[in-house]
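Engineer: Input file: protein.cif. Contents: mmCIF, C-alpha atoms.
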data_structure
loop_
_atom_site.label_atom_id
_atom_site.label_comp_id
_atom_site.auth_asym_id
_atom_site.auth_seq_id
_atom_site.Cartn_x
_atom_site.Cartn_y
_atom_site.Cartn_z
CA MET A 12 -123.05 76.96 -54.04
CA THR A 13 -121.14 73.69 -54.28
CA ILE A 14 -124.31 71.84 -55.29
CA PHE A 15 -125.07 74.52 -57.88
CA LEU A 16 -121.58 74.24 -59.41
CA PHE A 17 -121.80 70.46 -59.39
CA ALA A 18 -125.18 70.56 -61.15
CA LEU A 19 -123.78 73.05 -63.69
CA ALA A 20 -120.82 70.75 -64.36
CA VAL A 21 -123.14 67.78 -64.85
CA LEU A 22 -125.29 69.74 -67.29
CA ALA A 23 -122.21 70.87 -69.21
CA PHE A 24 -120.97 67.27 -69.36
CA LEU A 25 -124.35 66.01 -70.59
CA TYR A 26 -124.49 68.81 -73.17
CA MET A 27 -121.05 67.94 -74.57
CA LEU A 28 -121.90 64.24 -74.48
CA THR A 29 -125.04 64.94 -76.51
CA LEU A 30 -123.04 66.88 -79.11
CA ILE A 31 -120.53 64.04 -79.39
CA ILE A 32 -123.30 61.45 -79.81
CA ILE A 33 -124.94 63.59 -82.53
CA ASP A 34 -121.62 63.86 -84.37
CA LEU A 35 -120.89 60.15 -84.04
CA VAL A 36 -124.28 59.34 -85.55
CA ALA A 37 -123.70 61.88 -88.33
CA PHE A 38 -120.21 60.50 -89.02
CA ARG A 39 -121.57 56.97 -89.30
CA GLU A 40 -124.39 58.11 -91.59
CA LEU A 41 -122.08 60.06 -93.90
CA PHE A 42 -118.86 58.07 -93.92
CA LYS A 43 -119.51 54.53 -92.67
CA ARG A 44 -122.47 53.49 -94.79
CA PRO A 45 -121.84 50.16 -96.57
CA PHE A 46 -121.17 50.49 -100.30
CA HIS A 47 -123.25 48.15 -102.42
CA THR A 48 -121.64 45.57 -104.66
CA LEU A 49 -121.92 45.59 -108.42
CA GLU A 50 -124.16 42.54 -108.40
CA TYR A 51 -126.46 43.93 -105.71
CA SER A 52 -126.91 47.27 -107.48
CA ARG A 53 -127.46 45.50 -110.80
CA GLN A 54 -130.18 43.26 -109.34
CA ARG A 55 -131.93 46.13 -107.58
CA CYS A 56 -131.95 48.24 -110.75
CA LEU A 57 -133.29 45.35 -112.82
CA GLU A 58 -135.96 44.49 -110.24
CA SER A 59 -137.18 48.08 -110.22
CA GLY A 60 -137.23 48.17 -114.01
CA GLU A 61 -134.74 51.01 -114.28
CA PHE A 62 -133.13 49.72 -117.46
CA ASP A 63 -133.54 47.16 -120.22
CA PRO A 64 -131.17 44.17 -119.71
CA ALA A 65 -130.42 44.38 -123.44
CA LEU A 66 -128.25 47.42 -122.67
CA GLU A 67 -125.76 45.10 -121.02
CA GLU A 68 -125.35 43.16 -124.26
CA LEU A 69 -124.04 46.19 -126.16
CA PRO A 70 -120.27 46.34 -126.89
CA TRP A 71 -119.19 48.24 -123.79
CA GLU A 72 -115.49 48.87 -123.27
CA ASN A 73 -114.42 48.22 -119.69
CA VAL A 74 -111.16 50.01 -118.87
CA SER A 75 -109.33 51.26 -115.80
CA VAL A 76 -108.26 54.89 -115.66
CA PHE A 77 -105.60 55.79 -113.12
CA SER A 78 -106.43 58.69 -110.81
CA PRO A 79 -103.15 60.26 -109.62
CA LYS A 80 -104.81 62.20 -106.81
CA ARG A 81 -106.39 59.05 -105.37
CA ASN A 82 -103.55 56.75 -106.45
CA ALA A 83 -106.10 54.21 -107.56
CA ALA A 84 -107.79 52.88 -110.69
CA ILE A 85 -111.25 54.16 -111.62
CA ALA A 86 -113.50 51.68 -113.46
CA VAL A 87 -114.83 53.15 -116.72
CA TYR A 88 -117.48 51.68 -119.01
CA ALA A 89 -117.65 53.31 -122.45
CA LEU A 90 -119.92 52.76 -125.43
CA ALA A 91 -119.23 54.38 -128.78
CA ALA A 92 -122.16 55.72 -130.77
CA ARG A 93 -123.40 53.39 -133.48
CA LYS A 94 -123.08 56.15 -136.06
CA ASN A 95 -119.68 57.48 -137.11
CA ASP A 96 -120.86 61.04 -136.48
CA ALA A 97 -121.79 60.96 -132.78
CA ALA A 98 -124.31 63.50 -131.51
CA GLY A 99 -122.11 64.14 -128.48
CA THR A 100 -120.55 62.45 -125.47
CA VAL A 101 -122.17 62.09 -122.08
CA ILE A 102 -120.50 61.01 -118.83
CA VAL A 103 -122.91 59.79 -116.13
CA LEU A 104 -122.04 59.76 -112.42
CA HIS A 105 -124.04 57.69 -109.91
CA GLY A 106 -125.04 58.42 -106.33
CA LEU A 107 -123.62 57.53 -102.92
CA THR A 108 -123.01 53.80 -102.15
CA TRP A 109 -124.21 52.85 -105.65
CA THR A 110 -122.43 51.83 -108.86
CA HIS A 111 -122.53 52.51 -112.58
CA TYR A 112 -125.62 50.30 -112.87
CA GLY A 113 -127.56 53.20 -111.40
CA SER A 114 -126.52 55.25 -114.44
CA PHE A 115 -128.07 52.92 -117.04
CA LYS A 116 -131.46 54.61 -116.60
CA TYR A 117 -129.94 57.80 -117.97
CA ALA A 118 -127.76 56.12 -120.59
CA GLY A 119 -130.40 54.28 -122.62
CA THR A 120 -132.02 57.31 -124.23
CA PHE A 121 -128.67 58.91 -125.03
CA ILE A 122 -127.58 55.68 -126.71
CA GLU A 123 -130.77 55.68 -128.79
CA ARG A 124 -130.07 59.26 -129.84
CA GLY A 125 -126.58 58.47 -131.10
CA TRP A 126 -124.38 59.66 -128.24
CA ASN A 127 -121.13 58.22 -126.95
CA VAL A 128 -121.81 57.15 -123.35
CA VAL A 129 -119.30 56.85 -120.51
CA LEU A 130 -120.25 55.45 -117.10
CA ILE A 131 -117.93 55.19 -114.11
CA ASP A 132 -117.78 53.72 -110.64
CA LEU A 133 -116.85 56.61 -108.37
CA GLY A 134 -113.79 56.18 -106.16
CA GLY A 135 -114.30 53.43 -103.59
CA HIS A 136 -117.54 52.32 -105.27
CA GLY A 137 -118.15 49.27 -107.43
CA ALA A 138 -114.95 48.17 -109.16
CA SER A 139 -113.05 51.40 -108.39
CA GLY A 140 -110.44 51.55 -105.67
CA ALA A 141 -110.45 54.07 -102.84
CA GLY A 142 -106.66 54.34 -102.92
CA THR A 143 -105.12 56.79 -100.47
CA ILE A 144 -108.31 58.83 -100.03
CA PRO A 145 -111.11 57.49 -97.82
CA ALA A 146 -114.39 57.37 -99.70
CA PRO A 147 -116.69 59.17 -99.94
CA SER A 148 -115.47 62.78 -99.89
CA TYR A 149 -118.74 64.14 -101.30
CA GLY A 150 -117.20 65.43 -104.50
CA TYR A 151 -114.23 67.18 -102.92
CA PHE A 152 -111.69 64.58 -104.07
CA GLU A 153 -113.96 62.74 -106.54
CA LYS A 154 -113.67 65.73 -108.89
CA TYR A 155 -110.03 64.81 -109.49
CA ASP A 156 -111.01 61.25 -110.38
CA LEU A 157 -113.48 62.73 -112.85
CA ASP A 158 -110.73 64.88 -114.34
CA ALA A 159 -108.67 61.77 -115.09
CA VAL A 160 -111.71 60.13 -116.70
CA LEU A 161 -112.36 63.30 -118.73
CA ASP A 162 -108.83 63.20 -120.13
CA TRP A 163 -109.31 59.56 -121.12
CA THR A 164 -112.71 60.32 -122.66
CA LEU A 165 -111.37 63.22 -124.72
CA ALA A 166 -108.63 60.95 -126.06
CA ARG A 167 -111.08 58.13 -126.75
CA PHE A 168 -113.64 60.34 -128.52
CA PRO A 169 -111.55 63.23 -129.89
CA GLY A 170 -113.30 66.27 -131.26
CA VAL A 171 -116.81 65.13 -130.30
CA LYS A 172 -118.90 67.95 -128.83
CA PRO A 173 -120.82 68.66 -126.78
CA LEU A 174 -119.44 66.72 -123.84
CA VAL A 175 -122.05 66.82 -121.08
CA LEU A 176 -121.80 65.62 -117.49
CA ILE A 177 -124.86 64.09 -115.83
CA GLY A 178 -124.75 63.46 -112.11
CA GLU A 179 -127.18 62.08 -109.56
CA SER A 180 -126.85 63.16 -105.92
CA LEU A 181 -123.16 62.55 -105.07
CA GLY A 182 -122.50 62.34 -108.81
CA ALA A 183 -124.19 65.70 -109.34
CA ALA A 184 -122.22 67.26 -106.50
CA THR A 185 -119.01 65.88 -108.04
CA ALA A 186 -119.86 67.29 -111.48
CA LEU A 187 -120.61 70.74 -110.04
CA GLN A 188 -117.40 70.83 -108.02
CA TYR A 189 -115.52 69.77 -111.13
CA ALA A 190 -116.96 72.66 -113.19
CA PRO A 191 -114.15 75.18 -112.45
CA LEU A 192 -111.60 72.56 -113.55
CA GLY A 193 -113.42 71.50 -116.70
CA ALA A 194 -114.57 74.98 -117.76
CA PRO A 195 -112.48 77.58 -115.92
CA PRO A 196 -113.55 81.22 -115.85
CA GLY A 197 -111.65 83.44 -118.25
CA VAL A 198 -110.80 80.56 -120.59
CA GLU A 199 -112.13 80.43 -124.15
CA LYS A 200 -115.04 78.04 -124.66
CA GLU A 201 -113.07 76.14 -127.29
CA LYS A 202 -110.62 75.08 -124.58
CA TRP A 203 -113.21 73.79 -122.12
CA LYS A 204 -113.23 70.06 -121.45
CA ILE A 205 -117.00 70.08 -120.89
CA GLN A 206 -119.86 71.99 -122.49
CA GLY A 207 -122.66 71.39 -119.99
CA ILE A 208 -123.69 69.89 -116.64
CA ILE A 209 -127.01 68.33 -115.68
CA ALA A 210 -127.12 68.06 -111.90
CA ASP A 211 -129.92 65.93 -110.47
CA CYS A 212 -130.71 66.35 -106.74
CA SER A 213 -127.36 67.75 -105.64
CA TYR A 214 -126.81 69.25 -102.20
CA ALA A 215 -125.51 72.84 -102.11
CA SER A 216 -122.68 71.88 -99.76
CA MET A 217 -122.05 69.24 -97.17
CA ALA A 218 -122.66 71.87 -94.50
CA HIS A 219 -126.08 72.55 -96.04
CA ALA A 220 -126.80 68.82 -96.27
CA VAL A 221 -125.94 68.06 -92.64
CA ASP A 222 -127.90 71.11 -91.49
CA ALA A 223 -130.90 69.93 -93.51
CA ARG A 224 -130.77 66.49 -91.89
CA LEU A 225 -130.59 68.02 -88.41
CA LYS A 226 -133.65 70.12 -89.23
CA TYR A 227 -135.41 67.06 -90.65
CA PHE A 228 -135.01 65.37 -87.27
CA ARG A 229 -136.17 68.60 -85.56
CA MET A 230 -132.86 69.08 -83.77
CA PRO A 231 -133.03 72.15 -81.49
CA VAL A 232 -130.74 75.02 -82.56
CA LEU A 233 -129.05 74.82 -79.15
CA PHE A 234 -127.63 71.46 -80.25
CA ALA A 235 -127.67 71.69 -84.06
CA VAL A 236 -125.39 74.70 -84.53
CA PRO A 237 -122.59 73.63 -82.15
CA ALA A 238 -122.82 70.02 -83.40
CA LEU A 239 -122.38 71.20 -86.99
CA LYS A 240 -119.32 73.28 -86.11
CA LEU A 241 -117.78 70.47 -84.07
CA PHE A 242 -118.48 67.98 -86.86
CA SER A 243 -116.80 70.22 -89.47
CA PHE A 244 -113.76 70.58 -87.18
CA VAL A 245 -113.50 66.81 -86.81
CA ILE A 246 -113.85 66.21 -90.57
CA ARG A 247 -111.19 68.79 -91.37
CA HIS A 248 -108.71 66.99 -89.13
CA THR A 249 -109.64 63.43 -90.08
CA ARG A 250 -110.56 63.76 -93.78
CA GLY A 251 -108.53 66.75 -94.92
CA TYR A 252 -111.39 69.12 -95.71
CA ALA A 253 -114.21 70.92 -93.91
CA LEU A 254 -117.88 70.42 -94.67
CA GLU A 255 -117.93 73.88 -96.25
CA ASP A 256 -115.13 72.83 -98.64
CA ALA A 257 -117.27 70.14 -100.29
CA SER A 258 -119.38 72.80 -101.99
CA PRO A 259 -121.24 72.26 -105.27
CA LEU A 260 -122.60 75.79 -104.79
CA ALA A 261 -119.09 77.23 -104.91
CA GLY A 262 -118.40 75.20 -108.05
CA ALA A 263 -121.62 76.40 -109.67
CA LEU A 264 -120.69 80.02 -109.02
CA SER A 265 -117.10 79.62 -110.23
CA SER A 266 -117.59 78.33 -113.78
CA PRO A 267 -119.39 79.76 -116.83
CA VAL A 268 -120.33 76.33 -118.20
CA PRO A 269 -124.11 75.95 -118.79
CA MET A 270 -125.90 74.13 -115.96
CA LEU A 271 -129.30 72.50 -115.60
CA PHE A 272 -130.49 71.68 -112.09
CA ILE A 273 -133.14 68.95 -111.76
CA HIS A 274 -134.75 68.02 -108.46
CA GLY A 275 -137.75 66.05 -107.25
CA ASP A 276 -140.15 68.30 -105.36
CA ALA A 277 -140.88 65.45 -102.89
CA ASP A 278 -137.21 64.95 -101.96
CA ASP A 279 -136.96 64.98 -98.16
CA TYR A 280 -133.37 63.71 -98.07
CA VAL A 281 -131.76 66.53 -100.06
CA PRO A 282 -134.47 69.22 -100.16
CA PRO A 283 -135.23 70.76 -103.58
CA GLU A 284 -134.52 74.15 -102.02
CA MET A 285 -130.83 73.35 -102.47
CA SER A 286 -131.07 73.17 -106.26
CA ARG A 287 -133.30 76.24 -106.22
CA LEU A 288 -130.70 78.06 -104.10
CA MET A 289 -127.84 77.17 -106.46
CA ALA A 290 -129.81 78.18 -109.54
CA GLU A 291 -130.85 81.50 -107.98
CA LYS A 292 -127.36 82.34 -106.70
CA ARG A 293 -125.82 81.50 -110.06
CA LYS A 294 -128.37 83.69 -111.83
CA GLU A 295 -127.82 86.56 -109.40
CA LYS A 296 -124.06 86.41 -109.88
CA GLY A 297 -124.32 86.01 -113.64
CA SER A 298 -121.91 83.08 -113.60
CA GLY A 299 -123.33 81.50 -116.75
CA PRO A 300 -126.45 79.95 -118.30
CA VAL A 301 -128.64 78.20 -115.74
CA SER A 302 -131.97 76.35 -115.76
CA LEU A 303 -134.03 74.64 -113.07
CA THR A 304 -136.58 71.84 -113.48
CA LEU A 305 -138.60 70.39 -110.59
CA ILE A 306 -140.18 66.98 -111.10
CA GLN A 307 -143.52 66.64 -109.32
CA GLY A 308 -143.89 63.80 -106.85
CA ALA A 309 -140.30 62.58 -107.14
CA ALA A 310 -138.32 61.59 -104.06
CA HIS A 311 -134.53 61.67 -103.83
CA ALA A 312 -132.83 60.41 -107.01
CA LYS A 313 -136.19 59.29 -108.42
CA SER A 314 -136.97 62.12 -110.85
CA ILE A 315 -136.07 60.16 -113.97
CA VAL A 316 -138.02 57.12 -112.70
CA VAL A 317 -141.15 59.09 -111.78
CA ASP A 318 -141.32 61.18 -114.96
CA PRO A 319 -138.73 60.18 -117.59
CA ASP A 320 -140.51 62.19 -120.30
CA ALA A 321 -140.21 65.41 -118.32
CA TRP A 322 -136.63 64.62 -117.34
CA PHE A 323 -135.39 63.98 -120.89
CA LYS A 324 -137.43 66.85 -122.32
CA ALA A 325 -135.70 69.25 -119.93
CA ALA A 326 -132.32 67.65 -120.58
CA PHE A 327 -132.38 67.71 -124.38
CA GLU A 328 -133.94 71.17 -124.58
CA PHE A 329 -131.14 72.41 -122.31
CA ILE A 330 -128.48 70.72 -124.43
CA ALA A 331 -129.92 72.10 -127.68
CA ARG A 332 -130.29 75.61 -126.21
CA GLU A 333 -127.09 75.98 -124.21
CA CYS A 334 -124.50 73.33 -125.12
CA GLY A 335 -124.07 73.83 -128.86
CA GLY A 336 -121.98 76.30 -130.79
CA PHE A 337 -118.64 75.06 -129.61
#
As structure tokens, what does this structure read like?
Structural biologist:
Amino acid sequence: MTIFLFALAVLAFLYMLTLIIIDLVAFRELFKRPFHTLEYSRQRCLESGEFDPALEELPWENVSVFSPKRNAAIAVYALAARKNDAAGTVIVLHGLTWTHYGSFKYAGTFIERGWNVVLIDLGGHGASGAGTIPAPSYGYFEKYDLDAVLDWTLARFPGVKPLVLIGESLGAATALQYAPLGAPPGVEKEKWKIQGIIADCSYASMAHAVDARLKYFRMPVLFAVPALKLFSFVIRHTRGYALEDASPLAGALSSPVPMLFIHGDADDYVPPEMSRLMAEKRKEKGSGPVSLTLIQGAAHAKSIVVDPDAWFKAAFEFIARECGGF
């Protein structure tokens, strides 16, 4: 009996140790990844041919917008349309560890079509400070940084509509979580800060994202489920929110603003099922206009690189169909 109890205690210890190791690895993957410098991201984007260097020579305004929630300055890069009568204003949000240089691949076509373009470095990325909030928070706190940038943008380009948010990965998750702030339910359209969101390869929630990674590595349910719950508990007490709180899905269901979900069907980092889930749930609830476009053969955050024609066709058809009339 004593040997049996000892063996049981050893197994319990090894089980808990395994859960802790899984969570430590997950914590490092999600919160301790090195953020790339502006110069590194610029060089990588140029080497991969993501944007024409001539874009950098345009008269961009580089300003700092204070984010009260973060207590830090957010770096903003704005370019006014060449025509006096701008076609609209677009704000582009980059992905995790990256900088605004990753947004140039989206900006070029909008510039050609006469839009005002605003790029930012998300909190803790590029030239933006992290302030009092550890970065990243997967859109949970970044949405408040975006709100400060929105207020600046509306003052800089007054009366220009539509104002559309474009986000990639973390940027998409931030835009979706911002939706209830920028276009609250029950508020007249004329009072919305934004008129549309294009979300490229967003996760449905951080809980969904971590669960997907555990499944990707074929983690047995016996370990995956308890590890996820333990990880969420740790995050709540160290970062101020649970994994379930960082929820683009909740944002998508809580705002009537038109939304277009774009996802590469070869994305094995954030599976395309997440965008499909958000689009289907939003349609079922009747939250507001919703569209879904899957780009064939595109891996994570590569849809616009793999098939730019399909990406921009979906984007501009969505804008023309759903974001006008304001």
Engineer: Quick one: of A:Glu328, A:Pro267, A:Ser298, A:Arg81, who's nearest to Ile144 of chain A, counting only C-alpha atoms?
Structural biologist: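 Counting only C-alpha atoms, the residue closest to Ile144 of chain A is A:Arg81.
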Engineer: So which residues touch segment 153-167 of chain A within 6 Å, counting all atoms listed in the file, skipping near sequence neighbours fewer than 3 positions away, as a count of residues only?
Structural biologist: 4
Engineer: Residues picked by the PyMOL selection byres ((chain A and resi 97) around 8) here, as a list in words?
Structural biologist: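 On this input, the PyMOL selection byres ((chain A and resi 97) around 8) captures Ala92, Arg93, Lys94, Asn95, Asp96, Ala98, Gly99, Thr100, Gly125, Trp126, Asn127 and Val171 of chain A.
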Engineer: Identify which of the residues A:Asp278, A:Glu50, A:Glu61, A:Glu295 lies closest to Trp109 of chain A, counting all atoms listed in the file when measuring atom-to-atom distances.
Structural biologist: A:Glu50
Engineer: Using the chain letters and numbers from this file, what does the PyMOL selection byres ((chain A and resi 284) around 12) select? Give the answer as number ranges by chain.
Structural biologist: A: 212-215, 219-220, 223, 272-283, 285-292, 303-305
Engineer: Find the distance between atom CA of Glu199 of chain A and atom CA of Ser302 of chain A and write it in Å to one decimal.
Structural biologist: 21.9 Å
Engineer: I'd like to know which of A:Gly297, A:Pro79, A:Pro169, A:Gly251 is closest to Ser148 of chain A, using only C-alpha atoms.
Structural biologist: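 Of the candidates, the smallest distance to Ser148 of chain A is held by A:Gly251.
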Engineer: Take atom CA of Ala83 of chain A and atom CA of Thr110 of chain A and report the distance between them in Å, one decimal.
Structural biologist: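 Computing the Euclidean distance for atom CA of Ala83 of chain A and atom CA of Thr110 of chain A yields 16.6 Å.
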Engineer: What's the separation between atom CA of Arg124 of chain A and atom CA of Pro300 of chain A, in Å to one decimal place?
Structural biologist: 24.0 Å
Engineer: Excluding Leu241 of chain A and residues on its chain fewer than 4 positions from it, collect all residues at most 9 Å away from it, counting all atoms listed in the file, and give them as a PyMOL selection string.
Structural biologist: chain A and resi 30-31+34+236-237+245-246
Engineer: So that I can see what lies close to Pro64 of chain A, please list as a ChimeraX atom specification the residues with an atom at most 12 Å from it, counting all atoms listed in the file and leaving out residues fewer than 3 positions away in the same chain.
Structural biologist: /A:53-54,56-61,67-69,112,115-116,119
Engineer: Using the selection just defined, write its residues with C-alpha atoms as a PDB file, in the coordinates of the input.
Structural biologist:
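Writing the result to part_13.pdb gives the following:
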ATOM      1  CA  ARG A  53    -127.460  45.500-110.800  1.00  0.00           C
ATOM      2  CA  GLN A  54    -130.180  43.260-109.340  1.00  0.00           C
ATOM      3  CA  CYS A  56    -131.950  48.240-110.750  1.00  0.00           C
ATOM      4  CA  LEU A  57    -133.290  45.350-112.820  1.00  0.00           C
ATOM      5  CA  GLU A  58    -135.960  44.490-110.240  1.00  0.00           C
ATOM      6  CA  SER A  59    -137.180  48.080-110.220  1.00  0.00           C
ATOM      7  CA  GLY A  60    -137.230  48.170-114.010  1.00  0.00           C
ATOM      8  CA  GLU A  61    -134.740  51.010-114.280  1.00  0.00           C
ATOM      9  CA  GLU A  67    -125.760  45.100-121.020  1.00  0.00           C
ATOM     10  CA  GLU A  68    -125.350  43.160-124.260  1.00  0.00           C
ATOM     11  CA  LEU A  69    -124.040  46.190-126.160  1.00  0.00           C
ATOM     12  CA  TYR A 112    -125.620  50.300-112.870  1.00  0.00           C
ATOM     13  CA  PHE A 115    -128.070  52.920-117.040  1.00  0.00           C
ATOM     14  CA  LYS A 116    -131.460  54.610-116.600  1.00  0.00           C
ATOM     15  CA  GLY A 119    -130.400  54.280-122.620  1.00  0.00           C
TER      16      GLY A 119
END
Engineer: I need the residue set behind the PyMOL selection byres ((chain A and resi 192-198) around 8) for this file; please write it as an NGL selection string.
Structural biologist: :A and (158 or 189-191 or 199-200 or 202-206 or 265-268)
Engineer: Write a file of the just-selected residues containing C-alpha atoms, as a PDB file, in the frame of the given file.
Structural biologist:
ATOM      1  CA  ASP A 158    -110.730  64.880-114.340  1.00  0.00           C
ATOM      2  CA  TYR A 189    -115.520  69.770-111.130  1.00  0.00           C
ATOM      3  CA  ALA A 190    -116.960  72.660-113.190  1.00  0.00           C
ATOM      4  CA  PRO A 191    -114.150  75.180-112.450  1.00  0.00           C
ATOM      5  CA  GLU A 199    -112.130  80.430-124.150  1.00  0.00           C
ATOM      6  CA  LYS A 200    -115.040  78.040-124.660  1.00  0.00           C
ATOM      7  CA  LYS A 202    -110.620  75.080-124.580  1.00  0.00           C
ATOM      8  CA  TRP A 203    -113.210  73.790-122.120  1.00  0.00           C
ATOM      9  CA  LYS A 204    -113.230  70.060-121.450  1.00  0.00           C
ATOM     10  CA  ILE A 205    -117.000  70.080-120.890  1.00  0.00           C
ATOM     11  CA  GLN A 206    -119.860  71.990-122.490  1.00  0.00           C
ATOM     12  CA  SER A 265    -117.100  79.620-110.230  1.00  0.00           C
ATOM     13  CA  SER A 266    -117.590  78.330-113.780  1.00  0.00           C
ATOM     14  CA  PRO A 267    -119.390  79.760-116.830  1.00  0.00           C
ATOM     15  CA  VAL A 268    -120.330  76.330-118.200  1.00  0.00           C
TER      16      VAL A 268
END
Engineer: Here is a test: counting only C-alpha atoms, which residue of A:Ala257, A:Val101, A:Val221, A:Thr249 is nearest to Phe327 of chain A?
Structural biologist: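 Among the listed residues, the smallest separation from Phe327 of chain A belongs to A:Val101.
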Engineer: List as JSON, numbers by chain the protein and nucleic acid residues near segment 128-137 of chain A, meaning an atom at most 8 Å away when all atoms listed in the file are counted, but skip any in the same chain fewer than 5 places from it.
Structural biologist: {"A": [46, 47, 48, 49, 81, 85, 86, 87, 88, 89, 90, 91, 92, 100, 101, 102, 103, 104, 105, 108, 109, 110, 111, 114, 118, 121, 122, 142, 145, 146, 147, 153, 156, 164]}
